[in-house]
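Participant: I have a structure I would like to understand better, so I am pasting it below and will then ask my questions one at a time.
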Amino acid sequence: MYLTQSLHRAVQQHPQRIAVRCGDRQHTFRELADRVARLAGALQQLGMQEGDRVAMLSLNSDRYLEYQWAVPWGGGVMNPCNIRWSAAEILYSLDDSGSSILLVDDTFRPMVEQFRRDARTLRAVIYCGDGEVPADMHGYEALIAATAPVPDAARRGDDLAGIFYTGGTTGFPKGVMLSHTNMCSSSLALHAEGLATPGGTYLHAAPMFHLADMAMSMMQAIEGNTHAFIPAFNPEAVLDTIERDRVSCVLLVPTMIQMMVDHPTMQKPRDLSALKTIIYGASPIAEAVLERAMAALPGVGFVQAYGMTELSPLATVNPAWTHTVEGRKAGKLRAAGRAGYCIELRIVDADGNEVPRGTVGEVVVRGPNVMQGYWNKPELTAAAVRNGWMHTGDGAWMDEDGFIFIADRLKDMIITGGENVYSGEVENAVAQHAGVAACAVIGIPSAQWGEAVHAVVVRKPGQDVSDADLIAHCKSLIAGYKCPRSVDFVDALPISGAGKVLKTKLREPFWQGRERNVA
């Protein structure tokens with residue numbers, strides 16, 4: 001299996017079908033493949049050799065999709081940068097991966113000067129925006145126009161396809177190594193669920209650097225479907241694009257669904273009849289939001305996908321029928337779903353033994369979707385993947401029908417607005433403030449974000465640091481969504497006999513009376 005396979009198939013079977021619509025631009029599959037082959041050649045001329053890493057820092061566009069195919073077509077390895085990270089975090093991913101080429105759009109162009117100055121391996125920058133090409137960058141369209149198409153390098157199977165950075169418990173991001181087989185298997189598993197309407201259109205509304213969008217995108221490409229784009233999520237833009245481009249499928253996180261169905265523009269007369277499927281992930285949807293969404297979008301199937309970057313990213317699918325009245329009566333709405341096709345899943349105890357149905361244990365996954373490992377971190381890889389099983393760090397139980405229900409997080413992670421936040425990263429930032437003696441970071445319930453980042457801080461004697469001071473300090477070091485939204489100041493943190501902070505004690509008052517300890 002290889003990432004460009006679906007593009008070759010689409011060109012063979014649907015050469016004149018519209019492949020992409022982005023603003024005023026549109027291309028057929030034949031035209032798209034030609035552009036991909038030319039961009040691959042341009043990357044090679046800029047020095048990309050087999051296995052070299054090429055980064056992209058950009059909002060959504062058809063050019064992002066071209067990048068996702070052109071890098072492997074030319075023999076390279078993708079490094080899609082998290083657009084919500086700070087410049088320091090992005091710089092770390094560029095250096096850690098050894099990325100030599102960076103594609104950047106107008107939004108992130110101001111960061112390039114710092115990257116040129118501080119990045120150790122960066123050799124070339126390609127401007128992929130729509131404005132005038134900066135003097136010190138290569139123009140995206142000029143490169144395509146001036147370069148002859150090259151043959152597909154046909155990297156495949158266990159060849160490395162991309163390095164995808166995720167948060168780390170140590171305070172530093174980890175590069176997840178995914179092969180062509182890893183990524184293709186997740187997309188094929190999703191396609192097997194029947195989520196790609198033949199002849200349909202998929203809307204890229206979630207960030208394209210996310211593996212979730214990439215897996216959905218590849219699933220649609222297998223079917224030869226059209227891709228539509230908005231630069232970033234906006235409720236009105238989503239609805240306008242669904243109506244204008246006859247979108248049949250879109251990926252959103254629950255907070256996006258809530259923002260969309262509650263937006264005033266939803267009340268306008270619209271023709272949204274083409275929309276068949278909304279896929280969401282990161283957290284279960286609140287029943288009240290689901291009720292409003294189902295009422296606003298009759299005939300649309302809601303499907304949950306659960307997984308993680310290390311699983312390329314799919315583990316389970318909770319199908320559309322569980323979101324109906326019948327599904328709720330059967331008790332399946334709160335589930336994270338059942339193991340996807342080609343995926344084996346178990347709930348195990350601390351010794352790796354499968355526990356009885358209904359008993360909470362750790363979710364472990366085995367299959368062709370499990371990562372190759374963490375880039376340059378063999379110890380972390382060995383701890384996460386044992387005997388072929390990826391240990392997710394999520395606590396869950398399984399019912400008699402094979403549906404899993406997430407109960408807790410065994411790893412110190414918060415999911416806020418669909419984004420993973422590792423407490424260690426936030427604690428590392430908070431602790432760097434001169435007025436902080438000790439700190440702990442936890443997730444607390446949030447009606448808007450599912451969970452919110454909350455810091456518990458012990459001030460140094462004589463220091464009068466405020467919550468606003470700490471939040472502003474963190475924003476200078478890490479992405480905004482990782483920063484605490486609230487702060488409690490205490491005289492001391494609860495400590496165990498082994499000297500560890502008892503976060504269960506800190507979390508208890510916030511989660512008391514709830515059936516789960518996570519949102």
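For the structure tokens, the naming scheme is as follows: chains receive sequential letters (A, B, ...) according to their order of presentation, residues are indexed from 1 within each chain, and ligands are indexed from 1 in presentation order.
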Out of stretch 279-442 of chain A, which residues get strand (DSSP E or B) from DSSP, as an MDAnalysis selection string?
Facilitator: chainID A and resid 279:281 301:307 314:318 337:339 344:348 354 361:366 373:374 385:386 389:398 404:409 413:416 419:422 436:442
Participant: Would you give me, as a PyMOL selection string, the residues in stretch 104-293 of chain A that DSSP reads as alpha helix (DSSP H)?
Facilitator: chain A and resi 112-118+140-146+180-192+211-222+235-245+254-261+287-293
Participant: Using only C-alpha atoms, which protein or nucleic acid residues come within 9 Å of stretch 307-323 of chain A? Drop anything in the same chain fewer than 6 positions from it, and give the result as a VMD selection string.
Facilitator: chain A and resid 164 to 166 176 to 179 182 to 187 189 to 190 193 210 to 212 215 277 281 to 282 290 300 to 301 329 to 341 343 to 345 365 to 374 390 392 403 to 404
Participant: Grab the atom CA of A:Thr226 to atom CA of A:Gly199 distance for me, in Å with one decimal place.
Facilitator: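 Computing it gives 7.5 Å between the two atoms.
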Participant: Can you work out the spacing between atom CA of A:Val430 and atom CA of A:Leu470 in Å, to one decimal?
Facilitator: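 Separating atom CA of A:Val430 from atom CA of A:Leu470 is a distance of 6.7 Å.
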Participant: Using only C-alpha atoms, which residues of stretch 46-144 of chain A come within 6 Å of stretch 479-485 of chain A, and what is the closest atom pair for each, with the distance in Å to one decimal? Give it as CSV, sorted by chain and residue number.
Facilitator:
residue,atom,partner,partner_atom,distance
A:Arg84,CA,A:Ala479,CA,5.9
A:Trp85,CA,A:Ala479,CA,4.4
A:Ser86,CA,A:Ala479,CA,4.9
Participant: For the selection just defined, write its residues with N, CA, C and O atoms to a file, as a tab-separated table (two decimals), in the first residue's frame.
Facilitator:
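Final file, again-v6.tsv:
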chain	number	residue	atom	x	y	z
A	84	ARG	N	-1.46	25.54	15.55
A	84	ARG	CA	-1.84	26.19	16.80
A	84	ARG	C	-0.65	26.28	17.76
A	84	ARG	O	-0.80	26.83	18.85
A	85	TRP	N	0.48	25.74	17.38
A	85	TRP	CA	1.65	25.78	18.25
A	85	TRP	C	2.33	27.14	18.20
A	85	TRP	O	2.18	27.90	17.23
A	86	SER	N	3.11	27.42	19.22
A	86	SER	CA	3.94	28.62	19.23
A	86	SER	C	5.11	28.42	18.27
A	86	SER	O	5.43	27.29	17.87
Participant: List the spatial neighbours of A:Gly47 as a list in words - criterion: any atom at most 9 Å away, only C-alpha atoms, same-chain residues fewer than 4 positions off excluded.
Facilitator: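 Residues near the query, excluding close chain neighbours: Ala42, Leu43, Asp52, Ser100, Ile101, Arg123 and Ala124 of chain A.
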Participant: Expressed in Å to a single decimal, how great is the separation between atom CA of A:Ala148 and atom CA of A:Ala37?
Facilitator: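 Value for the atom CA of A:Ala148-atom CA of A:Ala37 distance: 7.9 Å.
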Participant: Pick the closest to A:Asp488 from A:Gln12, A:Ser476, A:Gln267, A:Ser466: which is it, counting only C-alpha atoms?
Facilitator: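 Smallest distance to A:Asp488 is found for A:Ser466.
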Participant: What's the 8 Å shell around stretch 438-443 of chain A, counting only C-alpha atoms, without same-chain residues fewer than 3 positions away, as a PDB file with N, CA, C and O atoms, in the first residue's frame?
Facilitator:
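Heads up, here's the output in selection39.pdb:
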ATOM      1  N   MET A 413      -3.173  13.387  30.530  1.00  0.00           N
ATOM      2  CA  MET A 413      -3.521  14.132  29.332  1.00  0.00           C
ATOM      3  C   MET A 413      -4.910  14.732  29.473  1.00  0.00           C
ATOM      4  O   MET A 413      -5.785  14.159  30.112  1.00  0.00           O
ATOM      5  N   ILE A 414      -5.092  15.888  28.851  1.00  0.00           N
ATOM      6  CA  ILE A 414      -6.363  16.606  28.837  1.00  0.00           C
ATOM      7  C   ILE A 414      -6.775  16.748  27.377  1.00  0.00           C
ATOM      8  O   ILE A 414      -5.925  16.996  26.517  1.00  0.00           O
ATOM      9  N   ILE A 415      -8.054  16.569  27.076  1.00  0.00           N
ATOM     10  CA  ILE A 415      -8.542  16.831  25.723  1.00  0.00           C
ATOM     11  C   ILE A 415      -9.481  18.022  25.798  1.00  0.00           C
ATOM     12  O   ILE A 415     -10.546  17.960  26.409  1.00  0.00           O
ATOM     13  N   SER A 423      -0.232  17.348  30.456  1.00  0.00           N
ATOM     14  CA  SER A 423      -0.030  18.189  31.633  1.00  0.00           C
ATOM     15  C   SER A 423       1.439  18.562  31.819  1.00  0.00           C
ATOM     16  O   SER A 423       1.752  19.672  32.254  1.00  0.00           O
ATOM     17  N   GLY A 424       2.333  17.629  31.494  1.00  0.00           N
ATOM     18  CA  GLY A 424       3.764  17.896  31.672  1.00  0.00           C
ATOM     19  C   GLY A 424       4.246  19.089  30.885  1.00  0.00           C
ATOM     20  O   GLY A 424       5.102  19.856  31.350  1.00  0.00           O
ATOM     21  N   VAL A 426       2.451  21.751  30.061  1.00  0.00           N
ATOM     22  CA  VAL A 426       1.928  22.972  30.683  1.00  0.00           C
ATOM     23  C   VAL A 426       2.662  23.243  31.996  1.00  0.00           C
ATOM     24  O   VAL A 426       3.024  24.384  32.298  1.00  0.00           O
ATOM     25  N   GLU A 427       2.878  22.196  32.777  1.00  0.00           N
ATOM     26  CA  GLU A 427       3.602  22.347  34.043  1.00  0.00           C
ATOM     27  C   GLU A 427       5.009  22.863  33.807  1.00  0.00           C
ATOM     28  O   GLU A 427       5.531  23.686  34.575  1.00  0.00           O
ATOM     29  N   VAL A 430       4.528  26.630  33.205  1.00  0.00           N
ATOM     30  CA  VAL A 430       4.147  27.348  34.429  1.00  0.00           C
ATOM     31  C   VAL A 430       5.336  27.464  35.380  1.00  0.00           C
ATOM     32  O   VAL A 430       5.593  28.525  35.972  1.00  0.00           O
ATOM     33  N   ALA A 431       6.080  26.372  35.525  1.00  0.00           N
ATOM     34  CA  ALA A 431       7.185  26.328  36.492  1.00  0.00           C
ATOM     35  C   ALA A 431       8.311  27.279  36.146  1.00  0.00           C
ATOM     36  O   ALA A 431       9.141  27.613  37.013  1.00  0.00           O
ATOM     37  N   GLU A 451     -13.220  19.628  28.237  1.00  0.00           N
ATOM     38  CA  GLU A 451     -12.339  19.793  29.387  1.00  0.00           C
ATOM     39  C   GLU A 451     -11.589  21.100  29.231  1.00  0.00           C
ATOM     40  O   GLU A 451     -11.331  21.569  28.116  1.00  0.00           O
ATOM     41  N   ALA A 452     -11.244  21.703  30.342  1.00  0.00           N
ATOM     42  CA  ALA A 452     -10.455  22.927  30.343  1.00  0.00           C
ATOM     43  C   ALA A 452      -9.184  22.697  31.143  1.00  0.00           C
ATOM     44  O   ALA A 452      -9.173  21.947  32.126  1.00  0.00           O
ATOM     45  N   VAL A 453      -8.104  23.348  30.718  1.00  0.00           N
ATOM     46  CA  VAL A 453      -6.818  23.230  31.410  1.00  0.00           C
ATOM     47  C   VAL A 453      -6.848  24.102  32.664  1.00  0.00           C
ATOM     48  O   VAL A 453      -7.141  25.300  32.597  1.00  0.00           O
ATOM     49  N   HIS A 454      -6.545  23.482  33.801  1.00  0.00           N
ATOM     50  CA  HIS A 454      -6.598  24.174  35.095  1.00  0.00           C
ATOM     51  C   HIS A 454      -5.279  23.955  35.831  1.00  0.00           C
ATOM     52  O   HIS A 454      -4.801  22.824  35.938  1.00  0.00           O
ATOM     53  N   ALA A 455      -4.693  25.025  36.333  1.00  0.00           N
ATOM     54  CA  ALA A 455      -3.422  24.935  37.057  1.00  0.00           C
ATOM     55  C   ALA A 455      -3.643  25.165  38.550  1.00  0.00           C
ATOM     56  O   ALA A 455      -4.422  26.038  38.943  1.00  0.00           O
ATOM     57  N   VAL A 456      -2.961  24.376  39.351  1.00  0.00           N
ATOM     58  CA  VAL A 456      -2.950  24.560  40.804  1.00  0.00           C
ATOM     59  C   VAL A 456      -1.509  24.924  41.167  1.00  0.00           C
ATOM     60  O   VAL A 456      -0.571  24.170  40.889  1.00  0.00           O
ATOM     61  N   VAL A 457      -1.340  26.100  41.776  1.00  0.00           N
ATOM     62  CA  VAL A 457      -0.007  26.696  41.919  1.00  0.00           C
ATOM     63  C   VAL A 457       0.306  27.055  43.366  1.00  0.00           C
ATOM     64  O   VAL A 457      -0.547  27.589  44.082  1.00  0.00           O
ATOM     65  N   VAL A 458       1.540  26.781  43.759  1.00  0.00           N
ATOM     66  CA  VAL A 458       2.088  27.257  45.040  1.00  0.00           C
ATOM     67  C   VAL A 458       3.049  28.393  44.717  1.00  0.00           C
ATOM     68  O   VAL A 458       4.002  28.219  43.960  1.00  0.00           O
ATOM     69  N   ARG A 459       2.758  29.582  45.262  1.00  0.00           N
ATOM     70  CA  ARG A 459       3.638  30.730  45.019  1.00  0.00           C
ATOM     71  C   ARG A 459       4.919  30.615  45.850  1.00  0.00           C
ATOM     72  O   ARG A 459       4.912  30.039  46.945  1.00  0.00           O
ATOM     73  N   LEU A 493       0.734  21.417  47.643  1.00  0.00           N
ATOM     74  CA  LEU A 493       0.089  20.404  46.823  1.00  0.00           C
ATOM     75  C   LEU A 493      -0.003  19.097  47.608  1.00  0.00           C
ATOM     76  O   LEU A 493       0.903  18.780  48.390  1.00  0.00           O
ATOM     77  N   VAL A 501       2.720  14.101  43.256  1.00  0.00           N
ATOM     78  CA  VAL A 501       1.527  14.925  43.449  1.00  0.00           C
ATOM     79  C   VAL A 501       0.278  14.063  43.231  1.00  0.00           C
ATOM     80  O   VAL A 501       0.166  13.354  42.219  1.00  0.00           O
ATOM     81  N   LYS A 503      -2.851  13.954  41.931  1.00  0.00           N
ATOM     82  CA  LYS A 503      -3.773  14.693  41.066  1.00  0.00           C
ATOM     83  C   LYS A 503      -5.207  14.204  41.220  1.00  0.00           C
ATOM     84  O   LYS A 503      -6.152  14.959  40.932  1.00  0.00           O
ATOM     85  N   LEU A 506      -6.728  16.536  43.524  1.00  0.00           N
ATOM     86  CA  LEU A 506      -6.988  17.847  42.916  1.00  0.00           C
ATOM     87  C   LEU A 506      -8.198  17.780  41.981  1.00  0.00           C
ATOM     88  O   LEU A 506      -8.968  18.739  41.885  1.00  0.00           O
ATOM     89  N   ARG A 507      -8.367  16.661  41.293  1.00  0.00           N
ATOM     90  CA  ARG A 507      -9.452  16.515  40.334  1.00  0.00           C
ATOM     91  C   ARG A 507     -10.802  16.230  40.985  1.00  0.00           C
ATOM     92  O   ARG A 507     -11.857  16.570  40.437  1.00  0.00           O
TER      93      ARG A 507
END
Participant: Of the candidates A:Arg25, A:His180, A:His473, A:Arg63, which shows the shortest atom-to-atom distance to A:Val436, using only C-alpha atoms?
Facilitator: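 Residue with the minimum atom-to-atom distance to A:Val436: A:His473.
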Participant: Do a neighbour search on A:Gly224 at 12 Å with only C-alpha atoms, toss out local chain neighbours closer than 2 positions, and write the hits as a count of residues only.
Facilitator: 35
Participant: Under the rule that only C-alpha atoms are counted, which of A:Leu59, A:Ile126, A:Ile444, A:Leu203 is the nearest residue to A:Thr241?
Facilitator: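 Distance minimum relative to A:Thr241 lands on A:Leu203.
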